[in-house]
Amino acid sequence: MSTAKRVASGTTPQHVQSPHIQPPRVPETFIDVPDQRRYVLSLGVACQAVKVFDLLRFWLWPTGAPSHFTRKWMFVDFLYCIVLSWLRIPRLRYTRAVVVLQIISLWLFDGLAFGGLSVNVGAGSSWLQPGHSSEMSTSRASFPWGFLPDFGLPVSYGGKDTHLIGQHTVRMSPISTAHLNPYGETFCLHSSGSHVLIPILLNNTSPNSVRYSLTPLPSSHHSKSPGKVEYVELSAKDLRAIEQSRIEHLQLIRSAAAKKDHDEYDEYDDDDDDDTEPTSRGTLQTTQDIAYVRISKPGILRLERVLDQSNVDARLLYPNEITVVPCPRAEFTADSMAQIRDVRCATPQLLSGAGEELQFEIEIYGVPPLSLRWTRQVDSRHESFMVEGIEGAEHQHHEAHSEDDRRISSVSGQRAPTQVKVPLTVVLDALGTHTYVLESVTDALGNVAHAGQHVDSAVVASRKAVTPTPDRAAATMRSVTVLRRPGVSFKHCGPGHPASLLIGAEAPLTISTLEADSQDAPWEVSVRYDPPIEEGGKISKRYKGWTQTFKTQAERKELTLRANAPGEYTITGVHGRYCEGDVLSPETCKVIERPFPTAEIEWKKIHECSGDTGVSASLVLHGTPPFQVYYRSQRDNESPREVSKTFASSRGELTVQPERSGHYTFKFTQLSDANYKKIDLKSPAIELDVHPPPTADFVNNAHGGRGKKSISSCSGNMVNVDVELRGTAPWNIEVQIVGPKGSEIIPFSDITTARKTLPLPIPKSIDRDGGTFEIDLVSVEDAYGCRRMLSVPGIAVNVRRVLPTVKFYGKADQRHVTILDHEQAVIPLRLTGEGPWRVKYRRQEAPDRINTATLRSPNDELRVNVKGTYELLEVSDSQCPGSVVESDATYRVDHVPRPSARLSSDVQAVFERFNGSHILPPVCEGLNDHVDLDLTGRPPFQIMYNIAKDDGLGATKLLDQPTFSSIQPRTRFQLRTTEPGRVYYEVKQIGDAAYPLAKNKDAIIPRSERLLFEQQVLMRPSARFKNLNRLSYCLNDAFTAHDHADGNGVIVLEGTPPFQLQVSVRNLAASEVYSETIELHDSTWRVHLPHYSFRSIGPHQLTIESVQDASHCEQVAPDPLYRSIWVDVAETAAIIPFSRREDYCVGDIIPFQLEGTPPWTIGYRTNGKSHTQEAKISPWSVQVSQPGEFAITSVAHQQKMCKTAVTDLRYTVHALPSAQVGHGKRIVQDIHEGDQAEIVFTLIGEPPFTFTYQRAELSPRKGVQGKVLETHTVSGVTTKEYSIFSALEGTWTITSISDRYCRYPPAQQEAIEKSR
């Protein structure tokens, strides 16, 4: 076990070096760090001490099952290391790698110490045999053995089958091949300092050297000889260096791609993502490998020879050569870049585009013939073009050569690279941005490169293009923007729509830019100003003309010109950043100055009989309508009042007639029109004394109203009417009374107040009989003698001489009603008069509370729900107050009483005042009992009550809430006695014919008024056996209690102690019965009858006869199933073997016949170690698992009683034979055709041997056996090693082996395996 080491002086521990170290898992405030280390190390030492003890047990007393101890200690060590790491104790904290190493070391020690792992050193077999063979363990057990490392040692693992281990596999070595450029790629060099890697696909070989030749390309088309051939030979070290450089370069590319920002995406990113290496080792077969040749010069590469590690030539596959040329390229020439402007303007009268042609020149380099792909994009429209068969000027000269020269140069790659300049003519036929991009160029060999790409000396292993850099992208792309000509005009102003200019202000003139490109912004607009022409045709001298240029802000297409002078503004021209524009209509805006509004005013006085009553003004207004006129009105010394009036036209009339007399002053102050607000007016004021004409009207009577006001008169011969007067006091007024047969005018004079109450007489006929007459105002005269006739609405007077009355309907003995307490009583009334009526009443039991009801029918009703005597107090109808008929002023309302219940006087009960409960006498469980209840109400009755019981914890539990019915006033209430305990009864609700429970569910009796009674139900005693397990005794034993913890022979008692229990023992064989009565004070009793002894063998029956407790209640009817149990009395036990064999093999089963009463306890000894086993049925068999001596020593029955010693059952157990192929290893041997392999079989056991082996075909799946090709059985082998030789391919294994005594696998197991 790992222990902590003290840190040397001057060395910082690991847990101190980290600045972000985490604290220990257990806080130091709970256990300090030294104590934590002490406890953990003490636990580790204790575990190792127990491991040493188990190791001594394993070696001194072997059990044949090493996996038990191995699994145990591997789990303990793993748990200890993980917990130690989790605790994070300083100086005991290790890195994850150290913890894993500790676990592996401890597992290796556990496997070696306890036999889970065995190291075969010096066993006579070499680890690496001739023919490149390798060996490994034959089989591995399940977890954890399958995860243990080999560490390069030939080890054999203990598993589930250690008798047939090992296998020998023979494989035929295949032919080695080498294939240059297996994927048919093309390669090119981008610059003199760059290089490419040419792949070589190797199959079944590991190259020791690679030899190739490089033939240079012709320098020009005129050169006929290719040049000197160069031969190069690469060693295995050179190949590894090339591979290492390739891997490092790929890692750099991947890291750079990972750091690239996503915002830097261009159209070539997708190609980079797809640039996966086609020669990835993940796509190769297990026998294939890839090697690379680095080429930095163009030429023809030819693979000459490939030697493997055995200096054997690999077969070279066709084709074995490839041509490497300089990479093609294409870009715009510098001259064409300088001649082309980026922005063009559209010509006049052309809206679709400029319509002109542009001439580009492209420079292309590569092996001809060449192909160029380019694209044109106009805004969102994209077009692609392809130009093929591009040749240089040398092509025409080359055609004049001989036929042989043409044939030689026409071979792919034999022509020299050439540089060609190609013209490109494009037409600017649309507005927008024209972008021309050179996409890619392809040479005669199929090498594709993006035009203008720049590649350093990095390795390019495929034909895919490389992303062009930004500094070279300009050479492959041309952009020309065709802008439309801008057009400008005035907005919201033009001929017939001049702009208005207010005096002292500015007029905003908007100039809008139409059909212009924002790229051409800002625009400069030229504007000319011409002064207005005055009357007579002369130009105004107040203003001077000018011409100015205005510039728009940024990309805004509107320009605001603020005009401060009247006249004509004309747009003369427009020019953008790049293009000159056009002036559109309207190009002229006329600005007119608007004058202030004025008014012509003429005042007139309004004169009537009383004098001047007001003024009127005639107005002639100048300006832009609508007009608003403001004038001031002042009376005497009061504050002036501002008033305004609106006129929609240029003429208007204003009339002002005050309602009060006095000295008034009127003056117009300001004028507003559509352009100007509140312009001061210089107009004369008018003063006059106003005397308004006299008028009169009834109070609260609207002027001009069509309806008449109506009043009522209930008593007296006079009626009072209020009038309101206006004008100059004092007034004289005339009032006309119009009756059904005539009229009368009554004058009133010298009225000095504006409001006056006039007393008017009622006509005699109407005063006597009642009826209706009218009152009208005839005329009014003021202090100036001005008399005016009046035509205001009059007043209708309704005279009544019969007053309203109210009374309860019914005779004196009938004015009462009885209702349910939740219903509403309807009391009939009789009323006289004109409705609606307002009645006040009260309940005599609550005289201070007055109720009011509004009634609309003379036969209406009062609705009440409280019982008592109701009394009428007052009544009034719609016109007059009335009186109450005293003799019929009261009405009685009563309630039907609710039903009730109480205990009958014949019931014997004790009333407990503390809780209001009646305590009934106790009763035994199961006996019928009842109480009588006396009920009051209207039968039939329904009674709902609660039944509760003590729950044994100091509370009560509700058992039920039943309801029962009764038709008699005295009913019998049945009590519940089925369960013992304290039972409580509570009457919750009572219903009768008037108050049925179905309609009064919410009417629950208050708890303080409920009927309560309770009763104690006494438990009846009972006795039963706790279980029905049979008891076992031997002959002549006394019937005493056995000390068993399982509860056999225990009687459970229920009731009130002490108990009187009577039991009997019946001997079935002798037909004898023994009875005994025992007094018990506990609720359980284990059968103990020391005075009774078993005198004969066979079954005995123990029965509970009766039981009584302190309550003297009759016992519960006993359960026949738990009333009695059986007792078995037996003699000594015996064991008899079925076979007389004395020799057995490990794993065999030895059967025996057992005599006696189950269960039996059999004692046996294996190699001197004693064991016991319990058997519940006969026959009984035992499986022997260890070689050596096996003997039966004893047998007992009756719960290990009646034991008998056995001395004559001894057997010899032999170990199972085993066999190994290749000394228990998994050997894989490769041979060539004509060679043979030796397969060695090792046999372990007692000769002679017989074994069976088989050869199976090689399986492509690891761990899965292939198809069996042949099977052979060898008999009579007396030696422990046997060999055969074979030149066939396959896997040899052993399937079975037999020695003198035993066979493996056993015959039964082998049959099962064959059936599978």
# chains A, B, ... in the order shown; residues from 1 in each chain; ligands from 1
$ select_by_dssp --residues "range 548-767 of chain A" --states "helix (DSSP H, G or I)" --output "PyMOL selection string"
chain A and resi 764-767
$ residues_around --residues "Val574 in chain A" --least-positions-apart "3" --cutoff "10 Å" --atoms "only C-alpha atoms" --output "PyMOL selection string"
chain A and resi 485-489+513+523-527+549-551+571+579-583
$ write_last_selection --atoms "C-alpha atoms" --output "PDB file, in the first residue's frame"
ATOM      1  CA  ARG A 485     -27.729  60.321 -63.313  1.00  0.00           C
ATOM      2  CA  PRO A 486     -29.318  62.175 -60.378  1.00  0.00           C
ATOM      3  CA  GLY A 487     -32.476  64.274 -60.968  1.00  0.00           C
ATOM      4  CA  VAL A 488     -33.686  67.094 -58.727  1.00  0.00           C
ATOM      5  CA  SER A 489     -36.901  69.148 -58.458  1.00  0.00           C
ATOM      6  CA  THR A 513     -33.247  64.201 -55.355  1.00  0.00           C
ATOM      7  CA  TRP A 523     -25.032  66.235 -54.316  1.00  0.00           C
ATOM      8  CA  GLU A 524     -24.443  69.927 -55.102  1.00  0.00           C
ATOM      9  CA  VAL A 525     -27.524  71.820 -56.300  1.00  0.00           C
ATOM     10  CA  SER A 526     -27.274  75.247 -57.983  1.00  0.00           C
ATOM     11  CA  VAL A 527     -30.207  77.620 -57.302  1.00  0.00           C
ATOM     12  CA  THR A 549     -24.775  76.213 -54.673  1.00  0.00           C
ATOM     13  CA  PHE A 550     -26.188  74.090 -51.873  1.00  0.00           C
ATOM     14  CA  LYS A 551     -24.840  70.680 -50.747  1.00  0.00           C
ATOM     15  CA  ILE A 571     -32.855  75.113 -59.955  1.00  0.00           C
ATOM     16  CA  CYS A 579     -21.944  62.164 -62.040  1.00  0.00           C
ATOM     17  CA  GLU A 580     -23.621  65.257 -63.422  1.00  0.00           C
ATOM     18  CA  GLY A 581     -27.414  65.190 -63.117  1.00  0.00           C
ATOM     19  CA  ASP A 582     -30.621  66.487 -64.685  1.00  0.00           C
ATOM     20  CA  VAL A 583     -33.063  69.177 -63.526  1.00  0.00           C
TER      21      VAL A 583
END
$ residues_around --residues "Pro847 in chain A" --least-positions-apart "3" --cutoff "12 Å" --atoms "only C-alpha atoms" --output "PyMOL selection string"
chain A and resi 841-844+850-851+868-873
$ atom_distance --atom1 "CA of Phe1138 in chain A" --atom2 "CA of Thr1204 in chain A"
18.9 Å
$ residues_around --residues "Ile198 in chain A" --least-positions-apart "6" --cutoff "7 Å" --atoms "only C-alpha atoms" --output "list in words"
Asn181, Tyr292, Val293 and Arg294 of chain A
$ closest_atom_pairs --of "range 679-701 of chain A" --to "range 599-603 of chain A" --cutoff "8 Å" --atoms "only C-alpha atoms" --output "Markdown table"
| residue | atom | partner | partner_atom | distance |
| --- | --- | --- | --- | --- |
| A:Leu681 | CA | A:Ala599 | CA | 7.7 |
| A:Ser683 | CA | A:Ile601 | CA | 7.3 |
| A:Ile686 | CA | A:Trp603 | CA | 7.4 |
$ write_last_selection --atoms "C-alpha atoms" --output "PDB file, in the first residue's frame"
ATOM      1  CA  LEU A 681     -56.551  95.987 -34.294  1.00  0.00           C
ATOM      2  CA  SER A 683     -60.547 100.163 -33.969  1.00  0.00           C
ATOM      3  CA  ILE A 686     -68.352 102.209 -28.292  1.00  0.00           C
TER       4      ILE A 686
END
$ closest_atom_pairs --of "range 186-257 of chain A" --to "range 309-326 of chain A" --cutoff "8 Å" --atoms "only C-alpha atoms" --output "tab-separated table"
residue	atom	partner	partner_atom	distance
A:Thr186	CA	A:Val324	CA	7.6
A:Phe187	CA	A:Val324	CA	5.5
A:Cys188	CA	A:Val325	CA	4.9
A:Leu189	CA	A:Pro326	CA	4.5
A:His190	CA	A:Pro326	CA	5.9
A:Ser191	CA	A:Pro326	CA	7.3
A:Thr205	CA	A:Ala314	CA	7.6
A:Ser206	CA	A:Gln309	CA	6.2
A:Pro207	CA	A:Gln309	CA	6.2
A:Asn208	CA	A:Gln309	CA	5.2
A:Leu217	CA	A:Val325	CA	8.0
$ write_last_selection --atoms "N, CA and C atoms" --output "mmCIF file, in the first residue's frame"
data_model
loop_
_atom_site.group_PDB
_atom_site.id
_atom_site.type_symbol
_atom_site.label_atom_id
_atom_site.label_comp_id
_atom_site.auth_asym_id
_atom_site.auth_seq_id
_atom_site.Cartn_x
_atom_site.Cartn_y
_atom_site.Cartn_z
ATOM 1 N N THR A 186 -3.159 14.851 -59.044
ATOM 2 C CA THR A 186 -2.202 15.651 -59.804
ATOM 3 C C THR A 186 -1.467 16.562 -58.838
ATOM 4 N N PHE A 187 -0.215 16.868 -59.159
ATOM 5 C CA PHE A 187 0.633 17.652 -58.262
ATOM 6 C C PHE A 187 1.335 18.731 -59.076
ATOM 7 N N CYS A 188 1.494 19.884 -58.463
ATOM 8 C CA CYS A 188 2.197 20.988 -59.107
ATOM 9 C C CYS A 188 2.924 21.783 -58.044
ATOM 10 N N LEU A 189 3.960 22.524 -58.481
ATOM 11 C CA LEU A 189 4.789 23.356 -57.598
ATOM 12 C C LEU A 189 4.416 24.800 -57.815
ATOM 13 N N HIS A 190 4.133 25.512 -56.711
ATOM 14 C CA HIS A 190 3.674 26.893 -56.821
ATOM 15 C C HIS A 190 4.819 27.879 -56.933
ATOM 16 N N SER A 191 5.964 27.509 -56.416
ATOM 17 C CA SER A 191 7.121 28.406 -56.488
ATOM 18 C C SER A 191 8.367 27.558 -56.412
ATOM 19 N N THR A 205 4.064 -4.817 -46.374
ATOM 20 C CA THR A 205 5.507 -4.570 -46.346
ATOM 21 C C THR A 205 5.795 -3.339 -45.524
ATOM 22 N N SER A 206 6.974 -3.336 -44.952
ATOM 23 C CA SER A 206 7.490 -2.167 -44.245
ATOM 24 C C SER A 206 8.776 -1.780 -44.958
ATOM 25 N N PRO A 207 8.793 -0.672 -45.710
ATOM 26 C CA PRO A 207 9.938 -0.388 -46.602
ATOM 27 C C PRO A 207 11.216 -0.103 -45.812
ATOM 28 N N ASN A 208 12.289 -0.663 -46.353
ATOM 29 C CA ASN A 208 13.626 -0.382 -45.815
ATOM 30 C C ASN A 208 14.302 0.687 -46.649
ATOM 31 N N LEU A 217 11.698 18.358 -66.971
ATOM 32 C CA LEU A 217 10.873 18.742 -68.109
ATOM 33 C C LEU A 217 11.678 19.575 -69.087
#
$ atom_distance --atom1 "CA of Ser1178 in chain A" --atom2 "CA of Asp1046 in chain A"
24.3 Å
$ atom_distance --atom1 "CA of Leu197 in chain A" --atom2 "CA of Pro328 in chain A"
18.2 Å
$ residues_around --residues "range 773-776 of chain A" --least-positions-apart "4" --cutoff "6 Å" --atoms "only C-alpha atoms" --output "PDB file with N, CA, C and O atoms, in the first residue's frame"
ATOM      1  N   VAL A 735    -101.022  87.709 -13.630  1.00  0.00           N
ATOM      2  CA  VAL A 735    -101.079  86.254 -13.626  1.00  0.00           C
ATOM      3  C   VAL A 735    -102.501  85.834 -13.923  1.00  0.00           C
ATOM      4  O   VAL A 735    -103.456  86.389 -13.328  1.00  0.00           O
ATOM      5  N   GLN A 736    -102.683  84.845 -14.815  1.00  0.00           N
ATOM      6  CA  GLN A 736    -104.001  84.363 -15.199  1.00  0.00           C
ATOM      7  C   GLN A 736    -104.225  82.970 -14.656  1.00  0.00           C
ATOM      8  O   GLN A 736    -103.366  82.096 -14.827  1.00  0.00           O
ATOM      9  N   ILE A 737    -105.403  82.747 -13.964  1.00  0.00           N
ATOM     10  CA  ILE A 737    -105.800  81.430 -13.454  1.00  0.00           C
ATOM     11  C   ILE A 737    -106.886  80.906 -14.374  1.00  0.00           C
ATOM     12  O   ILE A 737    -107.948  81.530 -14.521  1.00  0.00           O
ATOM     13  N   VAL A 738    -106.632  79.750 -14.985  1.00  0.00           N
ATOM     14  CA  VAL A 738    -107.551  79.157 -15.951  1.00  0.00           C
ATOM     15  C   VAL A 738    -108.157  77.918 -15.338  1.00  0.00           C
ATOM     16  O   VAL A 738    -107.441  76.925 -15.080  1.00  0.00           O
ATOM     17  N   GLY A 739    -109.500  77.948 -15.020  1.00  0.00           N
ATOM     18  CA  GLY A 739    -110.197  76.794 -14.473  1.00  0.00           C
ATOM     19  C   GLY A 739    -110.988  76.062 -15.527  1.00  0.00           C
ATOM     20  O   GLY A 739    -110.971  76.417 -16.716  1.00  0.00           O
ATOM     21  N   GLY A 794     -96.849  77.637 -18.815  1.00  0.00           N
ATOM     22  CA  GLY A 794     -97.521  77.802 -17.542  1.00  0.00           C
ATOM     23  C   GLY A 794     -97.284  76.628 -16.606  1.00  0.00           C
ATOM     24  O   GLY A 794     -96.457  75.750 -16.865  1.00  0.00           O
ATOM     25  N   ILE A 795     -98.062  76.615 -15.481  1.00  0.00           N
ATOM     26  CA  ILE A 795     -97.945  75.574 -14.457  1.00  0.00           C
ATOM     27  C   ILE A 795     -99.311  74.931 -14.291  1.00  0.00           C
ATOM     28  O   ILE A 795    -100.336  75.636 -14.168  1.00  0.00           O
ATOM     29  N   ALA A 796     -99.333  73.564 -14.257  1.00  0.00           N
ATOM     30  CA  ALA A 796    -100.572  72.828 -13.996  1.00  0.00           C
ATOM     31  C   ALA A 796    -100.624  72.474 -12.521  1.00  0.00           C
ATOM     32  O   ALA A 796     -99.655  71.921 -11.966  1.00  0.00           O
ATOM     33  N   VAL A 797    -101.751  72.792 -11.852  1.00  0.00           N
ATOM     34  CA  VAL A 797    -101.919  72.537 -10.418  1.00  0.00           C
ATOM     35  C   VAL A 797    -102.926  71.409 -10.264  1.00  0.00           C
ATOM     36  O   VAL A 797    -104.055  71.498 -10.771  1.00  0.00           O
TER      37      VAL A 797
END
$ residues_around --residues "range 1086-1091 of chain A" --least-positions-apart "6" --cutoff "9 Å" --atoms "only C-alpha atoms" --output "count of residues only"
12
$ closest_residue --among "A:Glu912, A:Asp929, A:Asp308, A:Asp54" --to "Phe1013 in chain A" --atoms "only C-alpha atoms"
A:Glu912
$ residues_around --residues "Ala505 in chain A" --least-positions-apart "2" --cutoff "12 Å" --atoms "only C-alpha atoms" --output "list in words"
Ser500, Leu501, Leu502, Ile503, Ala507, Pro508, Arg562, Ala563, Asn564, Ala565, Pro566, Glu593, Arg594, Asn675 and Tyr676 of chain A
$ write_last_selection --atoms "N, CA, C and O atoms" --output "PDB file, in the first residue's frame"
ATOM      1  N   SER A 500     -45.825  80.167 -49.393  1.00  0.00           N
ATOM      2  CA  SER A 500     -46.209  81.359 -48.629  1.00  0.00           C
ATOM      3  C   SER A 500     -45.082  81.768 -47.720  1.00  0.00           C
ATOM      4  O   SER A 500     -44.498  80.937 -47.007  1.00  0.00           O
ATOM      5  N   LEU A 501     -44.816  83.097 -47.694  1.00  0.00           N
ATOM      6  CA  LEU A 501     -43.774  83.661 -46.846  1.00  0.00           C
ATOM      7  C   LEU A 501     -44.434  84.648 -45.913  1.00  0.00           C
ATOM      8  O   LEU A 501     -45.073  85.619 -46.354  1.00  0.00           O
ATOM      9  N   LEU A 502     -44.316  84.389 -44.619  1.00  0.00           N
ATOM     10  CA  LEU A 502     -44.865  85.295 -43.624  1.00  0.00           C
ATOM     11  C   LEU A 502     -43.877  86.392 -43.320  1.00  0.00           C
ATOM     12  O   LEU A 502     -42.639  86.209 -43.403  1.00  0.00           O
ATOM     13  N   ILE A 503     -44.428  87.550 -42.943  1.00  0.00           N
ATOM     14  CA  ILE A 503     -43.585  88.701 -42.640  1.00  0.00           C
ATOM     15  C   ILE A 503     -42.748  88.386 -41.400  1.00  0.00           C
ATOM     16  O   ILE A 503     -43.275  87.981 -40.360  1.00  0.00           O
ATOM     17  N   ALA A 507     -39.556  80.819 -45.316  1.00  0.00           N
ATOM     18  CA  ALA A 507     -40.368  79.779 -45.942  1.00  0.00           C
ATOM     19  C   ALA A 507     -39.461  78.610 -46.323  1.00  0.00           C
ATOM     20  O   ALA A 507     -38.510  78.794 -47.094  1.00  0.00           O
ATOM     21  N   PRO A 508     -39.674  77.372 -45.758  1.00  0.00           N
ATOM     22  CA  PRO A 508     -38.822  76.235 -46.131  1.00  0.00           C
ATOM     23  C   PRO A 508     -39.201  75.696 -47.513  1.00  0.00           C
ATOM     24  O   PRO A 508     -40.358  75.341 -47.767  1.00  0.00           O
ATOM     25  N   ARG A 562     -34.167  77.650 -47.114  1.00  0.00           N
ATOM     26  CA  ARG A 562     -35.008  78.585 -46.351  1.00  0.00           C
ATOM     27  C   ARG A 562     -35.006  79.945 -47.051  1.00  0.00           C
ATOM     28  O   ARG A 562     -33.989  80.640 -47.072  1.00  0.00           O
ATOM     29  N   ALA A 563     -36.182  80.296 -47.602  1.00  0.00           N
ATOM     30  CA  ALA A 563     -36.335  81.556 -48.338  1.00  0.00           C
ATOM     31  C   ALA A 563     -36.833  82.638 -47.396  1.00  0.00           C
ATOM     32  O   ALA A 563     -37.839  82.453 -46.702  1.00  0.00           O
ATOM     33  N   ASN A 564     -36.142  83.793 -47.378  1.00  0.00           N
ATOM     34  CA  ASN A 564     -36.538  84.920 -46.525  1.00  0.00           C
ATOM     35  C   ASN A 564     -36.970  86.134 -47.333  1.00  0.00           C
ATOM     36  O   ASN A 564     -37.130  87.222 -46.780  1.00  0.00           O
ATOM     37  N   ALA A 565     -37.116  85.923 -48.642  1.00  0.00           N
ATOM     38  CA  ALA A 565     -37.531  87.040 -49.498  1.00  0.00           C
ATOM     39  C   ALA A 565     -38.487  86.506 -50.549  1.00  0.00           C
ATOM     40  O   ALA A 565     -38.299  85.392 -51.061  1.00  0.00           O
ATOM     41  N   PRO A 566     -39.496  87.248 -50.920  1.00  0.00           N
ATOM     42  CA  PRO A 566     -40.396  86.803 -51.987  1.00  0.00           C
ATOM     43  C   PRO A 566     -39.696  86.890 -53.337  1.00  0.00           C
ATOM     44  O   PRO A 566     -38.727  87.623 -53.514  1.00  0.00           O
ATOM     45  N   GLU A 593     -45.215  86.822 -50.445  1.00  0.00           N
ATOM     46  CA  GLU A 593     -45.271  87.328 -49.083  1.00  0.00           C
ATOM     47  C   GLU A 593     -46.727  87.621 -48.719  1.00  0.00           C
ATOM     48  O   GLU A 593     -47.429  88.338 -49.425  1.00  0.00           O
ATOM     49  N   ARG A 594     -47.197  87.039 -47.600  1.00  0.00           N
ATOM     50  CA  ARG A 594     -48.576  87.209 -47.161  1.00  0.00           C
ATOM     51  C   ARG A 594     -48.663  88.392 -46.208  1.00  0.00           C
ATOM     52  O   ARG A 594     -47.916  88.472 -45.219  1.00  0.00           O
ATOM     53  N   ASN A 675     -52.985  82.550 -41.496  1.00  0.00           N
ATOM     54  CA  ASN A 675     -51.531  82.727 -41.513  1.00  0.00           C
ATOM     55  C   ASN A 675     -51.006  83.382 -40.243  1.00  0.00           C
ATOM     56  O   ASN A 675     -49.906  83.046 -39.796  1.00  0.00           O
ATOM     57  N   TYR A 676     -51.741  84.305 -39.669  1.00  0.00           N
ATOM     58  CA  TYR A 676     -51.259  85.077 -38.527  1.00  0.00           C
ATOM     59  C   TYR A 676     -52.224  84.893 -37.368  1.00  0.00           C
ATOM     60  O   TYR A 676     -53.433  84.690 -37.564  1.00  0.00           O
TER      61      TYR A 676
END
